[in-house]
>>> print(open('data_9.cif').read())   # mmCIF, C-alpha atoms and all ligand atoms
data_work
loop_
_atom_site.label_atom_id
_atom_site.label_comp_id
_atom_site.auth_asym_id
_atom_site.auth_seq_id
_atom_site.Cartn_x
_atom_site.Cartn_y
_atom_site.Cartn_z
CA MET H 1 -16.15 -6.59 11.58
CA GLY H 2 -19.34 -5.16 13.06
CA ASN H 3 -21.53 -3.06 10.83
CA THR H 4 -18.82 -1.28 8.92
CA LYS H 5 -18.02 -2.07 5.32
CA VAL H 6 -14.50 -2.83 4.14
CA ILE H 7 -13.45 -2.89 0.50
CA THR H 8 -9.97 -4.22 -0.18
CA ILE H 9 -7.70 -3.56 -3.15
CA ASP H 10 -4.50 -5.57 -3.45
CA GLY H 11 -2.04 -5.61 -6.31
CA PRO H 12 1.53 -4.90 -7.39
CA ALA H 13 3.29 -1.53 -7.26
CA GLY H 14 2.16 0.83 -9.99
CA ALA H 15 -1.17 -0.88 -10.70
CA GLY H 16 -2.96 2.30 -9.58
CA LYS H 17 -4.17 1.13 -6.17
CA SER H 18 -3.67 4.41 -4.28
CA THR H 19 -5.37 6.59 -6.88
CA VAL H 20 -8.20 4.13 -7.37
CA ALA H 21 -8.71 3.58 -3.62
CA LYS H 22 -9.00 7.31 -3.12
CA ALA H 23 -11.40 7.77 -6.07
CA LEU H 24 -13.55 4.80 -5.06
CA ALA H 25 -13.72 6.00 -1.45
CA HIS H 26 -14.69 9.43 -2.72
CA ARG H 27 -17.59 8.01 -4.73
CA LEU H 28 -18.79 5.86 -1.86
CA LYS H 29 -18.16 8.53 0.78
CA PHE H 30 -15.94 6.05 2.62
CA SER H 31 -12.60 6.66 4.30
CA TYR H 32 -9.50 5.12 2.75
CA LEU H 33 -6.33 3.59 4.05
CA ASP H 34 -2.99 3.22 2.29
CA THR H 35 -1.27 0.37 4.14
CA GLY H 36 1.91 0.74 2.09
CA ALA H 37 2.34 4.19 3.63
CA MET H 38 2.51 2.52 7.05
CA TYR H 39 5.27 0.12 5.94
CA ARG H 40 7.04 3.09 4.44
CA ALA H 41 6.75 5.17 7.61
CA LEU H 42 8.26 2.44 9.77
CA THR H 43 11.04 1.97 7.19
CA LEU H 44 11.81 5.69 7.35
CA LYS H 45 12.09 5.54 11.12
CA ALA H 46 14.35 2.47 10.97
CA LEU H 47 16.64 4.25 8.50
CA ARG H 48 16.70 7.42 10.57
CA GLU H 49 17.54 5.56 13.75
CA ASP H 50 20.02 3.29 12.02
CA VAL H 51 18.22 0.20 13.26
CA ASN H 52 19.64 -3.13 12.12
CA LEU H 53 17.21 -3.94 9.30
CA GLU H 54 18.27 -7.58 9.38
CA SER H 55 17.13 -8.01 12.98
CA GLU H 56 13.44 -8.86 13.35
CA GLU H 57 13.76 -8.38 17.11
CA ASP H 58 15.07 -4.83 16.69
CA LEU H 59 12.36 -4.04 14.14
CA VAL H 60 9.65 -5.34 16.49
CA ALA H 61 11.02 -3.19 19.30
CA LEU H 62 10.97 -0.22 16.95
CA ALA H 63 7.39 -0.92 15.79
CA ASN H 64 6.24 -1.19 19.40
CA LYS H 65 7.47 2.29 20.21
CA THR H 66 6.09 3.91 17.09
CA THR H 67 2.78 5.53 16.31
CA ILE H 68 1.69 5.83 12.71
CA ASP H 69 -1.37 7.84 11.96
CA LEU H 70 -3.05 8.64 8.65
CA GLN H 71 -5.23 11.69 8.52
CA GLY H 72 -7.17 13.34 5.77
CA ASP H 73 -9.95 12.62 3.36
CA THR H 74 -10.56 11.84 -0.28
CA THR H 75 -10.51 15.51 -1.22
CA ALA H 76 -7.40 16.66 0.63
CA GLY H 77 -5.56 13.32 0.39
CA LEU H 78 -3.92 11.44 3.24
CA LYS H 79 -1.16 12.84 5.36
CA VAL H 80 1.07 10.33 7.09
CA PHE H 81 2.22 11.07 10.62
CA LEU H 82 5.14 9.23 12.16
CA ASP H 83 5.21 9.86 15.90
CA GLU H 84 3.14 12.97 15.17
CA GLN H 85 5.53 14.32 12.54
CA ASP H 86 4.24 14.73 8.98
CA VAL H 87 6.37 12.46 6.79
CA SER H 88 4.05 12.30 3.77
CA GLU H 89 6.80 13.38 1.36
CA GLU H 90 9.78 11.66 2.92
CA ILE H 91 8.23 8.19 2.80
CA ARG H 92 8.18 8.40 -1.02
CA THR H 93 11.94 8.61 -1.56
CA ILE H 94 13.70 5.88 -3.51
CA GLU H 95 15.76 5.02 -0.45
CA VAL H 96 12.62 4.29 1.58
CA THR H 97 10.96 2.47 -1.34
CA ASN H 98 13.94 0.16 -1.79
CA ASN H 99 14.22 -0.66 1.91
CA THR H 100 10.55 -1.42 2.75
CA PHE H 101 11.11 -5.11 2.11
CA TYR H 102 13.03 -5.49 5.38
CA ILE H 103 9.95 -4.40 7.31
CA ALA H 104 7.56 -6.24 4.98
CA ARG H 105 9.28 -9.60 5.27
CA ALA H 106 9.42 -9.74 9.08
CA PRO H 107 6.37 -11.77 10.25
CA LYS H 108 6.25 -10.29 13.76
CA VAL H 109 6.44 -6.77 12.41
CA ARG H 110 3.63 -7.56 9.98
CA GLU H 111 1.49 -8.75 12.90
CA ILE H 112 1.86 -5.34 14.53
CA MET H 113 1.04 -3.56 11.27
CA VAL H 114 -2.00 -5.77 10.70
CA GLU H 115 -3.30 -4.98 14.19
CA MET H 116 -2.88 -1.24 13.55
CA GLN H 117 -4.70 -1.59 10.21
CA ARG H 118 -7.58 -3.54 11.73
CA ALA H 119 -7.94 -0.96 14.49
CA ILE H 120 -8.35 1.74 11.85
CA GLY H 121 -10.46 -0.33 9.46
CA THR H 122 -13.13 -1.54 11.83
CA LYS H 123 -14.24 1.91 12.98
CA LYS H 124 -15.78 3.21 9.75
CA ASN H 125 -16.66 2.26 6.20
CA ILE H 126 -13.35 2.11 4.40
CA VAL H 127 -11.46 1.31 1.22
CA VAL H 128 -8.10 -0.28 2.07
CA GLU H 129 -5.25 -0.89 -0.33
CA GLY H 130 -2.05 -2.89 -0.05
CA ARG H 131 -0.63 -6.33 -0.75
CA ASP H 132 -2.31 -8.58 1.83
CA VAL H 133 -5.39 -6.61 2.82
CA GLY H 134 -7.90 -9.02 1.24
CA THR H 135 -6.00 -12.16 2.24
CA VAL H 136 -4.70 -11.43 5.76
CA VAL H 137 -5.87 -8.10 7.18
CA PHE H 138 -9.57 -8.21 6.24
CA PRO H 139 -10.38 -11.75 5.09
CA ASP H 140 -14.11 -11.06 5.65
CA ALA H 141 -14.16 -7.82 3.64
CA THR H 142 -17.42 -6.82 1.98
CA ASN H 143 -15.77 -6.65 -1.45
CA LYS H 144 -12.29 -7.61 -2.59
CA PHE H 145 -10.44 -6.52 -5.69
CA TYR H 146 -7.09 -7.44 -7.17
CA LEU H 147 -5.86 -4.60 -9.34
CA ASP H 148 -3.26 -5.52 -11.90
CA ALA H 149 -1.58 -3.90 -14.90
CA ASN H 150 1.18 -5.11 -17.19
CA PHE H 151 4.76 -4.48 -16.15
CA GLU H 152 5.61 -1.93 -18.83
CA GLU H 153 2.52 0.12 -18.03
CA ARG H 154 3.28 0.06 -14.30
CA ALA H 155 6.86 1.14 -14.92
CA GLN H 156 5.74 3.98 -17.21
CA ARG H 157 3.26 5.20 -14.60
CA ARG H 158 5.98 5.32 -11.96
CA ILE H 159 8.34 7.15 -14.31
CA LYS H 160 5.64 9.73 -15.14
CA GLU H 161 4.78 10.18 -11.46
CA LEU H 162 8.43 10.89 -10.57
CA GLU H 163 8.98 13.16 -13.57
CA GLU H 164 5.93 15.18 -12.59
CA LYS H 165 7.60 15.76 -9.25
CA GLY H 166 10.60 17.14 -11.13
CA LYS H 167 12.86 14.13 -10.48
CA ASP H 168 15.43 12.78 -12.91
CA VAL H 169 14.47 9.23 -13.73
CA GLU H 170 16.70 6.53 -15.11
CA ALA H 171 14.12 4.31 -16.77
CA GLU H 172 16.18 1.11 -16.82
CA LYS H 173 17.17 1.47 -13.18
CA LEU H 174 13.58 2.13 -12.15
CA LYS H 175 12.41 -0.94 -14.07
CA ALA H 176 15.02 -3.12 -12.41
CA GLU H 177 13.96 -1.81 -8.99
CA LEU H 178 10.28 -2.39 -9.75
CA GLN H 179 11.04 -5.92 -10.91
CA ASP H 180 13.00 -6.56 -7.73
CA ARG H 181 10.17 -5.19 -5.57
CA ASP H 182 7.63 -7.36 -7.43
CA ASN H 183 9.77 -10.44 -6.82
CA LYS H 184 10.08 -9.65 -3.13
CA ASP H 185 6.36 -8.85 -2.75
CA PHE H 186 5.28 -12.06 -4.47
CA THR H 187 7.71 -14.44 -2.81
CA ARG H 188 7.99 -13.43 0.87
CA LYS H 189 6.65 -16.05 3.26
CA ALA H 190 4.66 -13.66 5.44
CA GLY H 191 1.82 -11.75 3.80
CA PRO H 192 2.94 -12.19 0.18
CA LEU H 193 1.12 -10.39 -2.59
CA LYS H 194 -1.56 -12.83 -3.65
CA LYS H 195 -5.04 -12.60 -5.08
CA ALA H 196 -7.63 -13.62 -2.50
CA ASP H 197 -9.77 -16.53 -3.75
CA ASP H 198 -12.85 -14.33 -3.64
CA ALA H 199 -11.27 -11.20 -5.14
CA VAL H 200 -12.42 -9.76 -8.47
CA VAL H 201 -9.45 -9.17 -10.79
CA ILE H 202 -9.35 -5.91 -12.70
CA ASP H 203 -6.65 -5.16 -15.25
CA SER H 204 -6.11 -1.42 -15.19
CA THR H 205 -3.73 -1.41 -18.21
CA PRO H 206 -6.29 -0.10 -20.71
CA LEU H 207 -8.49 1.76 -18.23
CA SER H 208 -8.66 5.27 -16.84
CA ILE H 209 -9.06 5.77 -13.09
CA ASP H 210 -12.77 6.41 -13.54
CA GLY H 211 -12.95 3.35 -15.76
CA VAL H 212 -11.53 1.18 -12.97
CA VAL H 213 -13.86 2.73 -10.40
CA ASP H 214 -16.89 2.23 -12.69
CA GLU H 215 -15.92 -1.42 -13.04
CA MET H 216 -15.60 -1.83 -9.27
CA MET H 217 -18.93 -0.15 -8.65
CA LYS H 218 -20.63 -2.92 -10.62
CA TYR H 219 -19.68 -5.34 -7.87
CA ILE H 220 -20.45 -3.16 -4.88
CA LYS H 221 -23.94 -3.55 -3.51
CA ASN H 222 -25.80 -0.39 -2.56
CA GLY H 223 -22.75 1.47 -3.83
O1 LIG H 301 2.02 0.38 -1.84
P1 LIG H 301 3.45 0.86 -1.67
O2 LIG H 301 4.26 0.73 -2.91
O3 LIG H 301 3.52 2.21 -1.04
O4 LIG H 301 4.07 -0.16 -0.61
C1 LIG H 301 5.41 -0.11 -0.23
C2 LIG H 301 5.90 -1.50 0.19
O5 LIG H 301 5.29 -1.85 1.43
C3 LIG H 301 5.57 -2.65 -0.76
O6 LIG H 301 6.54 -2.87 -1.76
C4 LIG H 301 5.50 -3.84 0.16
O7 LIG H 301 6.76 -4.40 0.32
C5 LIG H 301 5.05 -3.24 1.48
N1 LIG H 301 3.64 -3.50 1.75
C6 LIG H 301 3.30 -4.68 2.35
N2 LIG H 301 2.02 -4.94 2.68
C7 LIG H 301 1.05 -4.06 2.42
C8 LIG H 301 1.36 -2.83 1.80
C9 LIG H 301 2.69 -2.59 1.46
O8 LIG H 301 4.17 -5.50 2.59
N3 LIG H 301 -0.20 -4.34 2.79
#
>>> encode(input="data_9.cif", output="structure tokens")
Amino acid sequence: MGNTKVITIDGPAGAGKSTVAKALAHRLKFSYLDTGAMYRALTLKALREDVNLESEEDLVALANKTTIDLQGDTTAGLKVFLDEQDVSEEIRTIEVTNNTFYIARAPKVREIMVEMQRAIGTKKNIVVEGRDVGTVVFPDATNKFYLDANFEERAQRRIKELEEKGKDVEAEKLKAELQDRDNKDFTRKAGPLKKADDAVVIDSTPLSIDGVVDEMMKYIKNG
């Protein structure tokens, strides 16, 4: 890993990883990386090009001819570029969200994503968030966290987030989709969501964003 520091945050959807990763990186003056955005970007391209999502071979071919780039900082936020096109908004649609599991479950596609993530993460001090970043992508990370929150709280956060964007939300449907995504994230064979043995668990249910970051800072040396 050279001389750069890597801090990993894994956890289920809605635990607050993206917001916390950004806020922590801001405090530490580190870069940050949202690995979920990369799975989302490749999913968007697969949907656009009508690729057979059941075919790992086709998904690998797609991944190999795709560039995904994340640019920005902790003040401006990250913009996600798919083959140089800004797709930051489009990767957040429900259609993309509900189809990421095809990309996420394909071991050979994950290998390509992991390589891309390591290439980004070894260049500078960074906070990385995802599902397997402490277990698979950066097993030697400087600090590892597993950010959790109870299901109801995670669902409510997602509902609020969507409502703030002016979307109509069917709470029961959203909960069913979140439950389904949890099940898929926890049970896939390749890169499942799992706490790394050496990760510190933080339950964000009762905490504010700053509260979570304060807690993390207690574990980060020279932070
Ligand atoms: O974090 P976010 O909800 O944007 O991630 C979208 C999906 O991408 C997750 O549900 C998961 O299936 C996949 N993912 C993954 N590995 C990561 C990050 C995300 O499989 N490191």
>>> axis_aligned_box(input="data_9.cif", around="segment 200-216 of chain H", padding_each_side="4 Å", output="JSON")
{"center_x": -10.3, "center_y": -1.7, "center_z": -14.6, "size_x": 21.2, "size_y": 24.2, "size_z": 20.2}
>>> residues_near_ligand(input="data_9.cif", ligand="ligand LIG 301 (chain H)", cutoff="10 Å", atoms="only C-alpha atoms and all ligand atoms", output="PyMOL selection string")
chain H and resi 9-18+34-43+91-92+96-106+110+113-114+117+128-137+178+180-186+188+190-193
>>> closest_residue(input="data_9.cif", among="H:Ala149, H:Tyr32, H:Lys45, H:Glu54", to="Ala76 of chain H", atoms="all atoms listed in the file")
H:Tyr32
>>> atom_distance(input="data_9.cif", atom1="atom CA of Lys195 of chain H", atom2="atom CA of Asp148 of chain H")
10.0 Å
>>> closest_residue(input="data_9.cif", among="H:Asn125, H:Glu57, H:Arg154, H:Glu90", to="Pro107 of chain H", atoms="only C-alpha atoms")
H:Glu57
>>> closest_residue(input="data_9.cif", among="H:Asn150, H:Ser88, H:Thr205, H:Ser55", to="Gln71 of chain H", atoms="all atoms listed in the file")
H:Ser88
>>> atom_distance(input="data_9.cif", atom1="atom CA of Thr75 of chain H", atom2="atom CA of Ile112 of chain H")
28.9 Å
>>> residues_around(input="data_9.cif", residues="Asp69 of chain H", least_positions_apart="6", cutoff="9 Å", atoms="all atoms listed in the file", output="list in words")
Met38, Lys79, Val80, Phe81, Leu82, Asp83 and Glu84 of chain H
>>> write_last_selection(input="data_9.cif", atoms="C-alpha atoms", output="PDB file, keeping the file's coordinate frame")
ATOM      1  CA  MET H  38       2.510   2.520   7.050  1.00  0.00           C
ATOM      2  CA  LYS H  79      -1.160  12.840   5.360  1.00  0.00           C
ATOM      3  CA  VAL H  80       1.070  10.330   7.090  1.00  0.00           C
ATOM      4  CA  PHE H  81       2.220  11.070  10.620  1.00  0.00           C
ATOM      5  CA  LEU H  82       5.140   9.230  12.160  1.00  0.00           C
ATOM      6  CA  ASP H  83       5.210   9.860  15.900  1.00  0.00           C
ATOM      7  CA  GLU H  84       3.140  12.970  15.170  1.00  0.00           C
TER       8      GLU H  84
END
>>> build_atoms(input="data_9.cif", residues="segment 14-26 of chain H", atoms="N, CA and C atoms", output="PDB file, keeping the file's coordinate frame")
ATOM      1  N   GLY H  14       2.391   0.174  -8.711  1.00  0.00           N
ATOM      2  CA  GLY H  14       2.160   0.830  -9.990  1.00  0.00           C
ATOM      3  C   GLY H  14       0.887   0.417 -10.701  1.00  0.00           C
ATOM      4  N   ALA H  15       0.085  -0.445 -10.062  1.00  0.00           N
ATOM      5  CA  ALA H  15      -1.170  -0.880 -10.700  1.00  0.00           C
ATOM      6  C   ALA H  15      -2.240   0.207 -10.593  1.00  0.00           C
ATOM      7  N   GLY H  16      -2.006   1.188  -9.723  1.00  0.00           N
ATOM      8  CA  GLY H  16      -2.960   2.300  -9.580  1.00  0.00           C
ATOM      9  C   GLY H  16      -3.793   2.216  -8.312  1.00  0.00           C
ATOM     10  N   LYS H  17      -3.363   1.371  -7.376  1.00  0.00           N
ATOM     11  CA  LYS H  17      -4.170   1.130  -6.170  1.00  0.00           C
ATOM     12  C   LYS H  17      -4.488   2.407  -5.378  1.00  0.00           C
ATOM     13  N   SER H  18      -3.464   3.226  -5.136  1.00  0.00           N
ATOM     14  CA  SER H  18      -3.670   4.410  -4.280  1.00  0.00           C
ATOM     15  C   SER H  18      -4.677   5.363  -4.910  1.00  0.00           C
ATOM     16  N   THR H  19      -4.483   5.654  -6.192  1.00  0.00           N
ATOM     17  CA  THR H  19      -5.370   6.590  -6.880  1.00  0.00           C
ATOM     18  C   THR H  19      -6.785   6.046  -6.934  1.00  0.00           C
ATOM     19  N   VAL H  20      -6.883   4.750  -7.247  1.00  0.00           N
ATOM     20  CA  VAL H  20      -8.200   4.130  -7.370  1.00  0.00           C
ATOM     21  C   VAL H  20      -8.881   4.044  -5.998  1.00  0.00           C
ATOM     22  N   ALA H  21      -8.126   3.686  -4.975  1.00  0.00           N
ATOM     23  CA  ALA H  21      -8.710   3.580  -3.620  1.00  0.00           C
ATOM     24  C   ALA H  21      -9.302   4.926  -3.203  1.00  0.00           C
ATOM     25  N   LYS H  22      -8.548   5.963  -3.480  1.00  0.00           N
ATOM     26  CA  LYS H  22      -9.000   7.310  -3.120  1.00  0.00           C
ATOM     27  C   LYS H  22     -10.265   7.680  -3.914  1.00  0.00           C
ATOM     28  N   ALA H  23     -10.251   7.413  -5.215  1.00  0.00           N
ATOM     29  CA  ALA H  23     -11.400   7.770  -6.070  1.00  0.00           C
ATOM     30  C   ALA H  23     -12.624   6.939  -5.717  1.00  0.00           C
ATOM     31  N   LEU H  24     -12.416   5.668  -5.433  1.00  0.00           N
ATOM     32  CA  LEU H  24     -13.550   4.800  -5.060  1.00  0.00           C
ATOM     33  C   LEU H  24     -14.138   5.254  -3.724  1.00  0.00           C
ATOM     34  N   ALA H  25     -13.266   5.532  -2.775  1.00  0.00           N
ATOM     35  CA  ALA H  25     -13.720   6.000  -1.450  1.00  0.00           C
ATOM     36  C   ALA H  25     -14.497   7.302  -1.598  1.00  0.00           C
ATOM     37  N   HIS H  26     -14.019   8.158  -2.498  1.00  0.00           N
ATOM     38  CA  HIS H  26     -14.690   9.430  -2.720  1.00  0.00           C
ATOM     39  C   HIS H  26     -16.123   9.199  -3.226  1.00  0.00           C
TER      40      HIS H  26
END
